[in-house]
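Undergrad: Before I ask anything, here is the structure I am working with.
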Amino acid sequence: LAVQGVRQLQPYIPGKPVDEVARELGLAPENIVKLASNENPLGPSSKVLEAITKAQSELTRYPDSNGYSLKNTLCAHLNVAFDQITLGNGSNDVLDLLARAFVAPGAEVIFSQYAFIVYPIVTQAVGGKAVVVPAVEWGHDLEAMAKAVTEKTVMVFLANPNNPTGTCFSRSELVKFLGQVPEHVIVVLDEAYFEYVDSEDYPNGLRLQQDLPNLVVCRTFSKAYGLAGLRVGYAVASPEITDMLNRVRQPFNVSSLALAAAEAALHDQPYLTKACQINHEGMEQITSALNAFEVSFIPSKGNFVTADFGENAAGINQQLLQQGVIVRPVANYGMARHLRISIGLPKENERLIKVLEQIL
Ligand code: PMP
C-alpha cells in the first residue's frame with residue numbers, strides 16, 4: 001500500500017555487524033576486522049567519554065530540544081550565527097528534514113549517479129522525483145547537473161567528498177555550478193567527510209554561503225569526530241531555511257548524551273588531528289598495497305577507498321568475510337565490480353592486506 005516512490009526504493013544495506021560475523025565464523029569479536037561503514041577506527045575520545053559520564057545524571061530528563069549549548073559551541077567553531085544551525089540525529093536526519101520541508105510530491109530533486117544512497121530515500125519518501133545525472137570518472141558531472149535543472153527542480157544534493165566513490169570537486173567547479181543554479185533551487189552540499197580533506201582547492205561550503213541563501217551545508221560528528229553510534233549531525237543554512245527545518249524537526253531529535261558528546265568532541269582538537277593523521281597514513285598503506293596487487297581504485301579524499309576487484313568482487317567479498325574481514329560491497333550503487341574499504345588502524349589495514357594477498 002506504500003506510495004509508488006517508496007515501493008521503488010531498495011532498503012538501506014548497512015555494513016555487516018562484527019558480532020554477527022563473529023558468530024557465523026565461531027570467532028571472538030576481537031578477531032574480526034570491520035572496515036565497512038566509514039567509521040573512525042580510533043575509538044571514542046576520552047573527553048567525550050567524560051562528558052557522557054557526566055550527562056548520565058540527567059537521563060530521566062528530556063534533552064534540550066534546541067541544543068542550545070552545542071549550537072553555541074558550533075557557532076563559535078564555525079563562525080556562523082545561532083539561527084543558521086539545525087541539529088539532527090545524524091546528518092541523515094538533516095537530509096530527511098530538508099526533503100520533508102522543501103520537496104512536494106512531483107517536485108524534482110537532482111543528484112549524481114553513484115551518489116549517497118540516502119538522497120533517493122529521502123526524496124522518494126516524500127513523493128519527490130529523483131533525477132539522476134550520469135557521473136564522470138565516478139564523480140559529479142556538475143556541468144550536466146546544472147543543465148538538468150528545470151522549473152520543477154527544488155533541490156540538488158551534492159556530496160563532497162562523495163560516498164561511495166571518494167571523489168571531490170574543486171572550489172572553482174563548485175562556484176561555477178552555484179552561479180548556474182537559479183536561486184529557487186536549494187543546493188545541499190553534504191560535507192560528511194570535510195575534516196579529512198587537505199587539498200588546497202577543496203571548497204569549504206560555509207565560506208560560499210554569504211551571497212547564496214540557497215546553499216545548505218551538512219556535516220556530521222559520525223566520521224572524523226568518532227561519534228557514529230551517538231547520531232549527531234547538523235546543517236548550516238540561511239535563517240529562513242533553518243526556520244523551516246526547525247518546523248518539521250521532531251522535538252528532542254538529538255539525545256542528551258549525543259549533545260554532550262558532540263560538544264566535548266568539538267573541544268578535543270588533538271583527537272581530530274590524530275584521527276585525520278591515522279586516516280592519511282592508513283590510506284597510504286592500503287592504496288600502496290592495492291597498487292602492488294594491481295587492483296585499480298578510485299582516488300579518495302574520504303576515510304575509505306573503493307577499488308575495482310573485477311567480475312568476482314562478490315566472491316572476493318565472501319572470501320574476505322570468511323577470513324573475518326568485513327568490507328562493503330557497493331553493488332546496490334550500481335558498482336558490482338567494486339568493494340568499498342574503510343581505512344582502519346595500521347594493524348587492521350595490515351590484516352586486510354594479508355588476507356587480500358592470499359585471496360588474490
Ligand atoms: N552523507 C554522506 C555522504 C555519508 O557518507 C554519510 C554516512 N554514511 C552521511 C551523510 C550520514 O552520516 P550520519 O547520519 O552518520 O551523520
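Lettering and numbering for the C-alpha cells are positional, with chains as A, B, ... in the shown order, residues counted from 1 in each chain, and ligands counted from 1 in the shown order.
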Distance limit 10 Å, reference ligand 1, atoms considered: only C-alpha atoms and all ligand atoms. Which residues make the cut? Give them as a VMD selection string.

TA: chain A and resid 14 37 to 39 88 to 95 115 to 119 157 to 166 189 to 194 218 to 223 226 to 234 302 to 304

Undergrad: Measure the distance from atom CA of A:His140 to atom CA of A:Asp308 in Å and round it to one decimal.

TA: 18.8 Å

Undergrad: Considering only C-alpha atoms, state which residue in the set A:Pro120, A:Lys54, A:Ser65, A:Val33 is at the smallest distance from A:Phe252.

TA: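 Of the candidates, the smallest distance to A:Phe252 is held by A:Ser65.
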
Undergrad: My list of candidates is A:Ile85, A:Val131, A:Leu212, A:Ala265. Which is closest to A:Asn66 when distances are computed with only C-alpha atoms?

TA: A:Ile85

Undergrad: Excluding A:Val355 and its own-chain neighbours fewer than 2 positions away, which residues fall within 9 Å of it when counting only C-alpha atoms? Please give them as a PyMOL selection string.

TA: chain A and resi 319-320+323+325+350-353+357-360

Undergrad: With C-alpha atoms kept, could you save the residues just selected as a tab-separated table (two decimals), in the first residue's frame?

TA:
```
chain	number	residue	atom	x	y	z
A	319	GLN	CA	36.37	-14.80	0.97
A	320	LEU	CA	37.29	-11.72	2.99
A	323	GLN	CA	38.67	-14.66	7.00
A	325	VAL	CA	37.46	-9.09	7.33
A	350	GLU	CA	47.69	-4.92	7.67
A	351	ARG	CA	45.26	-7.77	8.32
A	352	LEU	CA	43.14	-6.76	5.32
A	353	ILE	CA	46.24	-6.57	3.13
A	357	GLU	CA	47.23	-11.08	-0.73
A	358	GLN	CA	46.18	-14.69	-0.04
A	359	ILE	CA	42.94	-14.30	-1.98
A	360	LEU	CA	44.38	-12.51	-4.99
```

Undergrad: Write out as a ChimeraX atom specification the residues lying within 10 Å of A:Val175, counting only C-alpha atoms and excluding same-chain residues fewer than 3 positions away.

TA: /A:170-172,178-180,203,205,208

Undergrad: When you look at stretch 106-111 of chain A with a cut-off of 8 Å (counting only C-alpha atoms), what residues show up, excluding the ones that are within fewer than 2 positions of it in the same chain? I need them as an NGL selection string.

TA: :A and (103-104 or 113 or 115 or 119 or 123 or 127-133 or 145 or 148-149 or 152-158)

Undergrad: Keeping only N, CA and C atoms, write the selected residues as a PDB file, in the first residue's frame.

TA:
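Okay, this is what ended up in out00.pdb:
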```pdb
ATOM      1  N   VAL A 103      10.481  19.490  -0.389  1.00  0.00           N
ATOM      2  CA  VAL A 103      10.179  18.711  -1.599  1.00  0.00           C
ATOM      3  C   VAL A 103       8.713  18.270  -1.579  1.00  0.00           C
ATOM      4  N   ALA A 104       7.919  18.869  -2.440  1.00  0.00           N
ATOM      5  CA  ALA A 104       6.499  18.496  -2.555  1.00  0.00           C
ATOM      6  C   ALA A 104       6.387  17.308  -3.512  1.00  0.00           C
ATOM      7  N   GLN A 113      24.660  10.055 -10.307  1.00  0.00           N
ATOM      8  CA  GLN A 113      24.852   8.604 -10.297  1.00  0.00           C
ATOM      9  C   GLN A 113      25.956   8.296  -9.266  1.00  0.00           C
ATOM     10  N   ALA A 115      25.722   8.570  -6.170  1.00  0.00           N
ATOM     11  CA  ALA A 115      25.675   9.471  -5.013  1.00  0.00           C
ATOM     12  C   ALA A 115      25.214   8.682  -3.791  1.00  0.00           C
ATOM     13  N   TYR A 119      20.037   9.980  -0.445  1.00  0.00           N
ATOM     14  CA  TYR A 119      19.359  11.015  -1.232  1.00  0.00           C
ATOM     15  C   TYR A 119      18.091  10.473  -1.907  1.00  0.00           C
ATOM     16  N   THR A 123      14.179  11.574  -0.833  1.00  0.00           N
ATOM     17  CA  THR A 123      13.430  12.200  -1.927  1.00  0.00           C
ATOM     18  C   THR A 123      12.150  11.424  -2.205  1.00  0.00           C
ATOM     19  N   GLY A 127       7.621  11.664  -2.027  1.00  0.00           N
ATOM     20  CA  GLY A 127       6.965  11.745  -3.338  1.00  0.00           C
ATOM     21  C   GLY A 127       7.701  12.597  -4.339  1.00  0.00           C
ATOM     22  N   GLY A 128       8.941  12.979  -4.020  1.00  0.00           N
ATOM     23  CA  GLY A 128       9.742  13.754  -4.964  1.00  0.00           C
ATOM     24  C   GLY A 128      10.222  12.869  -6.106  1.00  0.00           C
ATOM     25  N   LYS A 129      10.577  13.522  -7.221  1.00  0.00           N
ATOM     26  CA  LYS A 129      11.047  12.769  -8.381  1.00  0.00           C
ATOM     27  C   LYS A 129      12.570  12.872  -8.450  1.00  0.00           C
ATOM     28  N   ALA A 130      13.227  11.711  -8.310  1.00  0.00           N
ATOM     29  CA  ALA A 130      14.686  11.689  -8.350  1.00  0.00           C
ATOM     30  C   ALA A 130      15.176  11.824  -9.781  1.00  0.00           C
ATOM     31  N   VAL A 131      16.051  12.796 -10.024  1.00  0.00           N
ATOM     32  CA  VAL A 131      16.660  12.971 -11.344  1.00  0.00           C
ATOM     33  C   VAL A 131      18.148  12.658 -11.188  1.00  0.00           C
ATOM     34  N   VAL A 132      18.543  11.518 -11.743  1.00  0.00           N
ATOM     35  CA  VAL A 132      19.915  11.047 -11.534  1.00  0.00           C
ATOM     36  C   VAL A 132      20.760  11.399 -12.755  1.00  0.00           C
ATOM     37  N   VAL A 133      21.824  12.158 -12.521  1.00  0.00           N
ATOM     38  CA  VAL A 133      22.673  12.618 -13.626  1.00  0.00           C
ATOM     39  C   VAL A 133      23.908  11.703 -13.704  1.00  0.00           C
ATOM     40  N   MET A 145      24.776  18.453 -14.303  1.00  0.00           N
ATOM     41  CA  MET A 145      23.791  18.615 -13.223  1.00  0.00           C
ATOM     42  C   MET A 145      23.124  19.992 -13.317  1.00  0.00           C
ATOM     43  N   ALA A 148      20.570  19.941 -15.929  1.00  0.00           N
ATOM     44  CA  ALA A 148      19.393  19.114 -15.607  1.00  0.00           C
ATOM     45  C   ALA A 148      18.327  19.891 -14.831  1.00  0.00           C
ATOM     46  N   VAL A 149      18.678  21.108 -14.381  1.00  0.00           N
ATOM     47  CA  VAL A 149      17.715  21.909 -13.607  1.00  0.00           C
ATOM     48  C   VAL A 149      16.563  22.355 -14.508  1.00  0.00           C
ATOM     49  N   LYS A 152      10.812  22.659 -12.445  1.00  0.00           N
ATOM     50  CA  LYS A 152      10.263  21.778 -11.401  1.00  0.00           C
ATOM     51  C   LYS A 152      11.308  21.391 -10.350  1.00  0.00           C
ATOM     52  N   THR A 153      12.576  21.754 -10.607  1.00  0.00           N
ATOM     53  CA  THR A 153      13.642  21.367  -9.659  1.00  0.00           C
ATOM     54  C   THR A 153      13.536  22.202  -8.389  1.00  0.00           C
ATOM     55  N   VAL A 154      13.561  21.515  -7.244  1.00  0.00           N
ATOM     56  CA  VAL A 154      13.545  22.250  -5.973  1.00  0.00           C
ATOM     57  C   VAL A 154      14.827  22.046  -5.174  1.00  0.00           C
ATOM     58  N   MET A 155      15.557  20.972  -5.477  1.00  0.00           N
ATOM     59  CA  MET A 155      16.723  20.666  -4.650  1.00  0.00           C
ATOM     60  C   MET A 155      17.771  19.898  -5.451  1.00  0.00           C
ATOM     61  N   VAL A 156      19.041  20.158  -5.109  1.00  0.00           N
ATOM     62  CA  VAL A 156      20.152  19.376  -5.672  1.00  0.00           C
ATOM     63  C   VAL A 156      20.984  18.882  -4.487  1.00  0.00           C
ATOM     64  N   PHE A 157      21.282  17.595  -4.460  1.00  0.00           N
ATOM     65  CA  PHE A 157      22.190  17.067  -3.444  1.00  0.00           C
ATOM     66  C   PHE A 157      23.575  16.880  -4.061  1.00  0.00           C
ATOM     67  N   LEU A 158      24.582  17.436  -3.393  1.00  0.00           N
ATOM     68  CA  LEU A 158      25.976  17.229  -3.810  1.00  0.00           C
ATOM     69  C   LEU A 158      26.733  16.682  -2.609  1.00  0.00           C
TER      70      LEU A 158
END
```

Undergrad: What residues in stretch 73-247 of chain A get the DSSP label helix (DSSP H, G or I)? Please answer as a PyMOL selection string.

TA: chain A and resi 73-78+82-84+91-102+118-125+142-147+171-180+194-196+205-208+239-247

Undergrad: Can you work out which one of A:Ser57, A:Thr306, A:Ser300, A:Asn317 has the shortest atom-to-atom distance to A:Tyr196, counting only C-alpha atoms?

TA: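 Answer, going by the shortest atom-to-atom distance: A:Ser300.
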
Undergrad: Between atom CA of A:Thr242 and atom CA of A:Asp141, what distance in Å does the model show, to one decimal?

TA: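 A separation of 28.2 Å between them.
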
Undergrad: Considering only C-alpha atoms, return as a PyMOL selection string whatever protein or nucleic-acid residues lie within 12 Å of A:Arg207, sequence-local ones (same chain, fewer than 5 positions apart) excluded.

TA: chain A and resi 78-80+171+174-175+202+212+215-217+236-237

Undergrad: Let me make sure I understand: among A:Ser288, A:Ser296, A:Gln124, A:Gln277, which one has the smallest atom-to-atom distance to A:Val3 if we use only C-alpha atoms?

TA: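 With only C-alpha atoms as the atom set, the closest residue is A:Gln124.
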
Undergrad: Take atom CA of A:Phe102 and atom CA of A:Asn204 and report the distance between them in Å, one decimal.

TA: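 Straight-line distance from atom CA of A:Phe102 to atom CA of A:Asn204 works out to 23.9 Å.
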